2 protein chains.
Amino acid sequence: MSLPIETPVTNADKTFFRLRTDIVEGVIQAGAKLSETELSTRYAVSRAVIREAINRLEACHLVERKANVGAKVVTLSAAGLVQLYQVREALEGMAARLAAENMDADEISDLQSLLDAHSNKVSSGETYYQEAGDVDFHYRIVLGSKNAHLISVLIDGIYHLVRMYRVQLGMAGPRVTTAFEEHSHIVRAIANRDGELAEMLMRRHILYSKNNIERKLNSISV
Amino acid sequence: MSLPIETPVTNADKTFFRLRTDIVEGVIQAGAKLSETELSTRYAVSRAVIREAINRLEACHLVERKANVGAKVVTLSAAGLVQLYQVREALEGMAARLAAENMDADEISDLQSLLDAHSNKVSSGETYYQEAGDVDFHYRIVLGSKNAHLISVLIDGIYHLVRMYRVQLGMAGPRVTTAFEEHSHIVRAIANRDGELAEMLMRRHILYSKNNIERKLNSISV
DNA sequence: AACCCCTATATTGTCGACATTGCATTTACA
DNA sequence: TGTAAATGCAATGTCGACAATATAGGGGTT
């Protein structure tokens, strides 16, 4: 996959990435307190490095901080999930519209062949690739919008939270075939340079996705 | 006005707010380099405080940072403005939709009376109050969405950048009466609990606003 | 004269120590 | 006995010093 890899250069970068994956994957529990001193000994770096990492985690809404008290990992809730998907709907809808206007031809054909590849994997029953494929698809459209703000908010922020919900609710690969068809229709709209339709389809796609994960969440807890 | 005021508690908070206003108001020029040592002497705080402030400024897209090199204030451009307003359109459109669903009755009547007050000020020719009134209106709708992500991204991030464009392009009070009518229609849609219409109207309102400021920008530079 | 390498300097990254704040336990008083 | 002030502790906030890195300038070579 041709996704731009984030390359950590400084120690604070590495610590930030480690902490982020640990939080998203649930190694550090949701709602847990992040003690600066404890983390600095655990990761063998100074408290300044930990502080910078925590500040960045706060910026992407994975932890909440209170002055003179400390930082906590965010807690997952049904309300939070709904709000998250509302923002996704707005932003990714716009991203699809802009992608229809701004992606160049070879990017679109790449996207189409990506979809074909996924089609093969799915029909051969590879459940592993499902989430990766979904993520890959959405990434390309967001990047195709060529809008730096959109890209930053979604890829650096929201997607990590979305993944945190997915992982911690144990969503392996739901509604595969239907989602695949929705992806197809979106790509077709983009190829036709129909931004308005692309936005509509993307918003519905995310709405369905939200309803699905929400149902799962309600069936598990409370 | 009943806007929630950010209260700085720590030294890093104060420094962050000071730096932010200095950047938005143009006291620190767009594109200027932010030297940690220089700022620490200028503001009489340690470099750690400055670093934390700069990190937060980076999080809200007011400065850009490169590892082992330093931080620069963002530069304003026509393309950047367009992208910013595309995000605004998506997010505030959704905010208006959610406000129509989630604001309670007294919040809506407050919003209505706010609009009436502005109407008086505008017809009496107070140009000063125009931007404050506009900001106040948009703030209330965003807060009325009751969506924490939406609120955070817009109020903590995007609005400061928008204001930076306004201030540095010398936009005093453009298209007052037309904007006021647009506000009226949006409030009416919200009062009727018509989220779909509220979103449409808000998106158009922001589109018009973008076209206006864009025209101004093109007439000044290049 | 043009190019490359090397060195000097200034800036950022990292660290450990100290100051200050919040919280829990204890103690004094009504 | 219940409440409230006082105290001790642990965590965060802040600081100055040291280490690592990038950039600019000079010197040497072809």
# chains A, B, ... in the order shown; residues from 1 in each chain; ligands from 1

$ residues_around --residues "C:DT14" --least-positions-apart "5" --cutoff "8 Å" --atoms "only C-alpha atoms (C1' of nucleotides)" --output "PyMOL selection string"
(chain A and resi 46+48-49) or (chain D and resi 19)

$ residues_around --residues "A:Ile186" --least-positions-apart "6" --cutoff "10 Å" --atoms "only C-alpha atoms (C1' of nucleotides)" --output "list in words"
Ala96, Arg97, Ala100, Ile141, Phe180, Asn192, Asp194, Gly195, Leu197, Ala198, Glu199, Met200, Leu201, Met202 and His205 of chain A

$ interface_residues --of "chain D" --to "chain B" --cutoff "9 Å" --atoms "only C-alpha atoms (C1' of nucleotides)" --output "VMD selection string"
chain D and resid 13 to 16 21 to 22

$ write_last_selection --atoms "all heavy atoms" --output "compact mmCIF listing (two decimals), in the first residue's frame"
# COMPACT_ATOMS: atom_id res chain seq x y z
P DG D 13 0.91 20.02 34.58
OP1 DG D 13 -0.31 20.71 34.13
OP2 DG D 13 1.68 19.17 33.64
O5' DG D 13 1.90 21.11 35.18
C5' DG D 13 1.36 22.16 35.98
C4' DG D 13 2.43 23.17 36.35
O4' DG D 13 3.46 22.52 37.12
C3' DG D 13 3.15 23.83 35.15
O3' DG D 13 3.28 25.22 35.40
C2' DG D 13 4.49 23.11 35.11
C1' DG D 13 4.74 22.80 36.57
N9 DG D 13 5.58 21.64 36.81
C8 DG D 13 5.36 20.35 36.36
N7 DG D 13 6.29 19.51 36.74
C5 DG D 13 7.16 20.28 37.49
C6 DG D 13 8.35 19.91 38.16
O6 DG D 13 8.90 18.81 38.24
N1 DG D 13 8.95 21.01 38.80
C2 DG D 13 8.44 22.28 38.79
N2 DG D 13 9.13 23.20 39.45
N3 DG D 13 7.32 22.64 38.17
C4 DG D 13 6.74 21.59 37.54
P DT D 14 3.91 26.20 34.28
OP1 DT D 14 3.31 27.54 34.47
OP2 DT D 14 3.82 25.52 32.98
O5' DT D 14 5.45 26.29 34.68
C5' DT D 14 5.80 26.85 35.95
C4' DT D 14 7.30 26.75 36.18
O4' DT D 14 7.69 25.37 36.34
C3' DT D 14 8.17 27.30 35.04
O3' DT D 14 8.82 28.47 35.50
C2' DT D 14 9.14 26.17 34.71
C1' DT D 14 9.02 25.23 35.90
N1 DT D 14 9.24 23.79 35.60
C2 DT D 14 10.28 23.14 36.20
O2 DT D 14 11.05 23.69 36.97
N3 DT D 14 10.41 21.81 35.87
C4 DT D 14 9.60 21.08 35.01
O4 DT D 14 9.81 19.91 34.80
C5 DT D 14 8.53 21.83 34.41
C7 DT D 14 7.59 21.14 33.47
C6 DT D 14 8.40 23.13 34.73
P DC D 15 9.66 29.36 34.46
OP1 DC D 15 9.59 30.77 34.93
OP2 DC D 15 9.26 29.03 33.09
O5' DC D 15 11.15 28.84 34.71
C5' DC D 15 11.68 28.88 36.03
C4' DC D 15 12.93 28.03 36.15
O4' DC D 15 12.59 26.64 35.91
C3' DC D 15 14.03 28.36 35.14
O3' DC D 15 15.03 29.16 35.77
C2' DC D 15 14.56 27.00 34.69
C1' DC D 15 13.78 25.98 35.50
N1 DC D 15 13.37 24.78 34.71
C2 DC D 15 14.05 23.57 34.88
O2 DC D 15 14.99 23.52 35.68
N3 DC D 15 13.67 22.49 34.15
C4 DC D 15 12.65 22.60 33.30
N4 DC D 15 12.30 21.51 32.61
C5 DC D 15 11.94 23.81 33.12
C6 DC D 15 12.33 24.87 33.83
P DG D 16 15.96 30.10 34.90
OP1 DG D 16 16.25 31.29 35.72
OP2 DG D 16 15.38 30.25 33.56
O5' DG D 16 17.30 29.25 34.76
C5' DG D 16 18.01 28.85 35.93
C4' DG D 16 18.94 27.70 35.62
O4' DG D 16 18.18 26.57 35.12
C3' DG D 16 20.02 28.00 34.56
O3' DG D 16 21.29 27.57 35.04
C2' DG D 16 19.56 27.19 33.35
C1' DG D 16 18.82 26.02 33.99
N9 DG D 16 17.80 25.43 33.13
C8 DG D 16 16.84 26.10 32.41
N7 DG D 16 16.06 25.31 31.74
C5 DG D 16 16.52 24.03 32.02
C6 DG D 16 16.06 22.77 31.57
O6 DG D 16 15.14 22.52 30.81
N1 DG D 16 16.82 21.73 32.11
C2 DG D 16 17.88 21.88 32.97
N2 DG D 16 18.48 20.77 33.40
N3 DG D 16 18.32 23.07 33.40
C4 DG D 16 17.59 24.10 32.88
P DT D 21 22.23 13.27 16.79
OP1 DT D 21 21.35 12.11 16.56
OP2 DT D 21 23.69 13.16 16.67
O5' DT D 21 21.75 14.45 15.83
C5' DT D 21 20.46 15.04 16.02
C4' DT D 21 20.41 16.42 15.40
O4' DT D 21 21.25 17.32 16.17
C3' DT D 21 20.95 16.49 13.98
O3' DT D 21 19.87 16.76 13.09
C2' DT D 21 21.96 17.64 13.98
C1' DT D 21 21.67 18.34 15.30
N1 DT D 21 22.87 19.00 15.92
C2 DT D 21 22.89 20.37 16.03
O2 DT D 21 21.97 21.07 15.68
N3 DT D 21 24.03 20.88 16.62
C4 DT D 21 25.13 20.18 17.06
O4 DT D 21 26.09 20.74 17.55
C5 DT D 21 25.04 18.74 16.90
C7 DT D 21 26.17 17.89 17.36
C6 DT D 21 23.93 18.23 16.34
P DA D 22 20.04 16.77 11.50
OP1 DA D 22 18.82 16.22 10.90
OP2 DA D 22 21.35 16.17 11.19
O5' DA D 22 20.11 18.33 11.17
C5' DA D 22 18.95 19.12 11.36
C4' DA D 22 19.27 20.60 11.16
O4' DA D 22 20.36 20.97 12.03
C3' DA D 22 19.70 20.99 9.75
O3' DA D 22 19.10 22.22 9.40
C2' DA D 22 21.21 21.12 9.86
C1' DA D 22 21.38 21.61 11.28
N9 DA D 22 22.67 21.26 11.90
C8 DA D 22 23.23 20.02 11.99
N7 DA D 22 24.39 20.00 12.60
C5 DA D 22 24.61 21.33 12.93
C6 DA D 22 25.67 21.97 13.59
N6 DA D 22 26.76 21.34 14.06
N1 DA D 22 25.58 23.32 13.76
C2 DA D 22 24.50 23.94 13.30
N3 DA D 22 23.44 23.44 12.65
C4 DA D 22 23.56 22.11 12.51

$ atom_distance --atom1 "atom CA of B:Ala32" --atom2 "atom CA of B:Arg166"
18.5 Å

$ atom_distance --atom1 "atom CA of A:Ala71" --atom2 "atom CA of A:Ser35"
7.4 Å

$ select_by_dssp --residues "stretch 21-208 of chain A" --states "helix (DSSP H, G or I)" --output "MDAnalysis selection string"
chainID A and resid 21:24 36:42 47:59 78:102 105:123 128:144 148:168 176:191 195:208

$ interface_residues --of "chain C" --to "chain A" --cutoff "8 Å" --atoms "only C-alpha atoms (C1' of nucleotides)" --output "list of chain:residue names"
C:DG13, C:DT14, C:DC15, C:DT21, C:DG22

$ interface_residues --of "chain A" --to "chain B" --cutoff "8 Å" --atoms "only C-alpha atoms" --output "list in words"
Val9, Thr10, Glu52, Asn55, Arg56, Ala59, Ala67, Gln83, Leu84, Gln86, Val87, Ala90, Leu91, Gly93, Met94, Asn147, Ala148, His149 and Leu150 of chain A

$ atom_distance --atom1 "atom C1' of D:DT12" --atom2 "atom CA of A:Gly70"
6.8 Å

$ select_by_dssp --residues "chain B" --states "strand (DSSP E or B)" --output "VMD selection string"
chain B and resid 33 to 34 63 to 66 70 to 73

$ closest_atom_pairs --of "chain C" --to "stretch 6-10 of chain D" --cutoff "12 Å" --atoms "only C-alpha atoms (C1' of nucleotides)" --output "Markdown table"
| residue | atom | partner | partner_atom | distance |
| --- | --- | --- | --- | --- |
| C:DT21 | C1' | D:DA10 | C1' | 10.7 |
| C:DG22 | C1' | D:DA10 | C1' | 9.5 |
| C:DC23 | C1' | D:DA10 | C1' | 9.0 |
| C:DA24 | C1' | D:DC9 | C1' | 8.8 |
| C:DT25 | C1' | D:DG8 | C1' | 8.4 |
| C:DT26 | C1' | D:DT7 | C1' | 7.8 |
| C:DT27 | C1' | D:DA6 | C1' | 7.7 |
| C:DA28 | C1' | D:DA6 | C1' | 9.0 |

$ write_last_selection --atoms "C-alpha atoms (C1' of nucleotides)" --output "mmCIF file, in the first residue's frame"
data_model
loop_
_atom_site.group_PDB
_atom_site.id
_atom_site.type_symbol
_atom_site.label_atom_id
_atom_site.label_comp_id
_atom_site.auth_asym_id
_atom_site.auth_seq_id
_atom_site.Cartn_x
_atom_site.Cartn_y
_atom_site.Cartn_z
ATOM 1 C "C1'" DT C 21 -0.218 22.662 43.404
ATOM 2 C "C1'" DG C 22 -3.947 19.194 44.564
ATOM 3 C "C1'" DC C 23 -5.472 15.482 47.531
ATOM 4 C "C1'" DA C 24 -5.846 12.497 51.445
ATOM 5 C "C1'" DT C 25 -5.105 11.753 56.099
ATOM 6 C "C1'" DT C 26 -4.940 13.452 60.549
ATOM 7 C "C1'" DT C 27 -5.959 16.430 64.238
ATOM 8 C "C1'" DA C 28 -8.176 19.968 66.794
#

$ closest_atom_pairs --of "chain D" --to "stretch 4-12 of chain C" --cutoff "9 Å" --atoms "only C-alpha atoms (C1' of nucleotides)" --output "JSON lines"
{"residue": "D:DA20", "atom": "C1'", "partner": "C:DT12", "partner_atom": "C1'", "distance": 8.7}
{"residue": "D:DT21", "atom": "C1'", "partner": "C:DT12", "partner_atom": "C1'", "distance": 7.6}
{"residue": "D:DA22", "atom": "C1'", "partner": "C:DT11", "partner_atom": "C1'", "distance": 8.2}
{"residue": "D:DT23", "atom": "C1'", "partner": "C:DA10", "partner_atom": "C1'", "distance": 8.7}
{"residue": "D:DA24", "atom": "C1'", "partner": "C:DT9", "partner_atom": "C1'", "distance": 8.7}
{"residue": "D:DG25", "atom": "C1'", "partner": "C:DA8", "partner_atom": "C1'", "distance": 8.5}
{"residue": "D:DG26", "atom": "C1'", "partner": "C:DT7", "partner_atom": "C1'", "distance": 8.5}
{"residue": "D:DG27", "atom": "C1'", "partner": "C:DC6", "partner_atom": "C1'", "distance": 8.4}
{"residue": "D:DG28", "atom": "C1'", "partner": "C:DC5", "partner_atom": "C1'", "distance": 8.5}
{"residue": "D:DT29", "atom": "C1'", "partner": "C:DC4", "partner_atom": "C1'", "distance": 8.5}

$ residues_around --residues "A:Tyr165" --least-positions-apart "5" --cutoff "9 Å" --atoms "only C-alpha atoms (C1' of nucleotides)" --output "list of chain:residue names"
A:Val24, A:Leu76, A:Leu81, A:His160, A:Gly170, A:Met171, A:Ile213

$ write_last_selection --atoms "C-alpha atoms" --output "mmCIF file, in the first residue's frame"
data_model
loop_
_atom_site.group_PDB
_atom_site.id
_atom_site.type_symbol
_atom_site.label_atom_id
_atom_site.label_comp_id
_atom_site.auth_asym_id
_atom_site.auth_seq_id
_atom_site.Cartn_x
_atom_site.Cartn_y
_atom_site.Cartn_z
ATOM 1 C CA VAL A 24 -5.549 2.633 20.539
ATOM 2 C CA LEU A 76 -15.394 5.271 25.154
ATOM 3 C CA LEU A 81 -19.077 7.265 19.100
ATOM 4 C CA HIS A 160 -7.024 6.859 15.450
ATOM 5 C CA GLY A 170 -13.772 -6.204 18.802
ATOM 6 C CA MET A 171 -15.144 -5.236 15.404
ATOM 7 C CA ILE A 213 -20.988 -0.333 15.020
#

$ residues_around --residues "A:Asn218" --least-positions-apart "6" --cutoff "12 Å" --atoms "only C-alpha atoms (C1' of nucleotides)" --output "VMD selection string"
chain A and resid 77 to 79 81 169 211 to 212

$ write_last_selection --atoms "N, CA, C and O atoms" --output "PDB file, in the first residue's frame"
ATOM      1  N   SER A  77     -17.719   5.777  24.803  1.00  0.00           N
ATOM      2  CA  SER A  77     -19.141   5.766  25.145  1.00  0.00           C
ATOM      3  C   SER A  77     -19.953   5.778  23.857  1.00  0.00           C
ATOM      4  O   SER A  77     -19.454   6.158  22.795  1.00  0.00           O
ATOM      5  N   ALA A  78     -21.195   5.373  23.982  1.00  0.00           N
ATOM      6  CA  ALA A  78     -22.063   5.380  22.815  1.00  0.00           C
ATOM      7  C   ALA A  78     -22.223   6.801  22.286  1.00  0.00           C
ATOM      8  O   ALA A  78     -22.157   7.048  21.082  1.00  0.00           O
ATOM      9  N   ALA A  79     -22.397   7.764  23.197  1.00  0.00           N
ATOM     10  CA  ALA A  79     -22.557   9.154  22.785  1.00  0.00           C
ATOM     11  C   ALA A  79     -21.312   9.644  22.062  1.00  0.00           C
ATOM     12  O   ALA A  79     -21.401  10.319  21.030  1.00  0.00           O
ATOM     13  N   LEU A  81     -19.148   7.891  20.413  1.00  0.00           N
ATOM     14  CA  LEU A  81     -19.077   7.265  19.100  1.00  0.00           C
ATOM     15  C   LEU A  81     -19.979   7.976  18.101  1.00  0.00           C
ATOM     16  O   LEU A  81     -19.577   8.261  16.972  1.00  0.00           O
ATOM     17  N   LEU A 169     -13.959  -2.612  20.747  1.00  0.00           N
ATOM     18  CA  LEU A 169     -15.265  -3.255  20.682  1.00  0.00           C
ATOM     19  C   LEU A 169     -15.175  -4.577  19.927  1.00  0.00           C
ATOM     20  O   LEU A 169     -16.176  -5.270  19.766  1.00  0.00           O
ATOM     21  N   ASN A 211     -24.329   3.121  12.182  1.00  0.00           N
ATOM     22  CA  ASN A 211     -25.447   2.328  12.692  1.00  0.00           C
ATOM     23  C   ASN A 211     -24.995   0.920  13.037  1.00  0.00           C
ATOM     24  O   ASN A 211     -25.388   0.362  14.058  1.00  0.00           O
ATOM     25  N   ASN A 212     -24.131   0.376  12.190  1.00  0.00           N
ATOM     26  CA  ASN A 212     -23.662  -0.985  12.408  1.00  0.00           C
ATOM     27  C   ASN A 212     -22.849  -1.113  13.685  1.00  0.00           C
ATOM     28  O   ASN A 212     -23.132  -1.951  14.543  1.00  0.00           O
TER      29      ASN A 212
END

$ residues_around --residues "A:Glu181" --least-positions-apart "6" --cutoff "12 Å" --atoms "only C-alpha atoms (C1' of nucleotides)" --output "ChimeraX atom specification"
/A:115-116,118-119,122,134,175,187-188,201-202,205

$ residues_around --residues "C:DC29" --least-positions-apart "5" --cutoff "12 Å" --atoms "only C-alpha atoms (C1' of nucleotides)" --output "count of residues only"
5
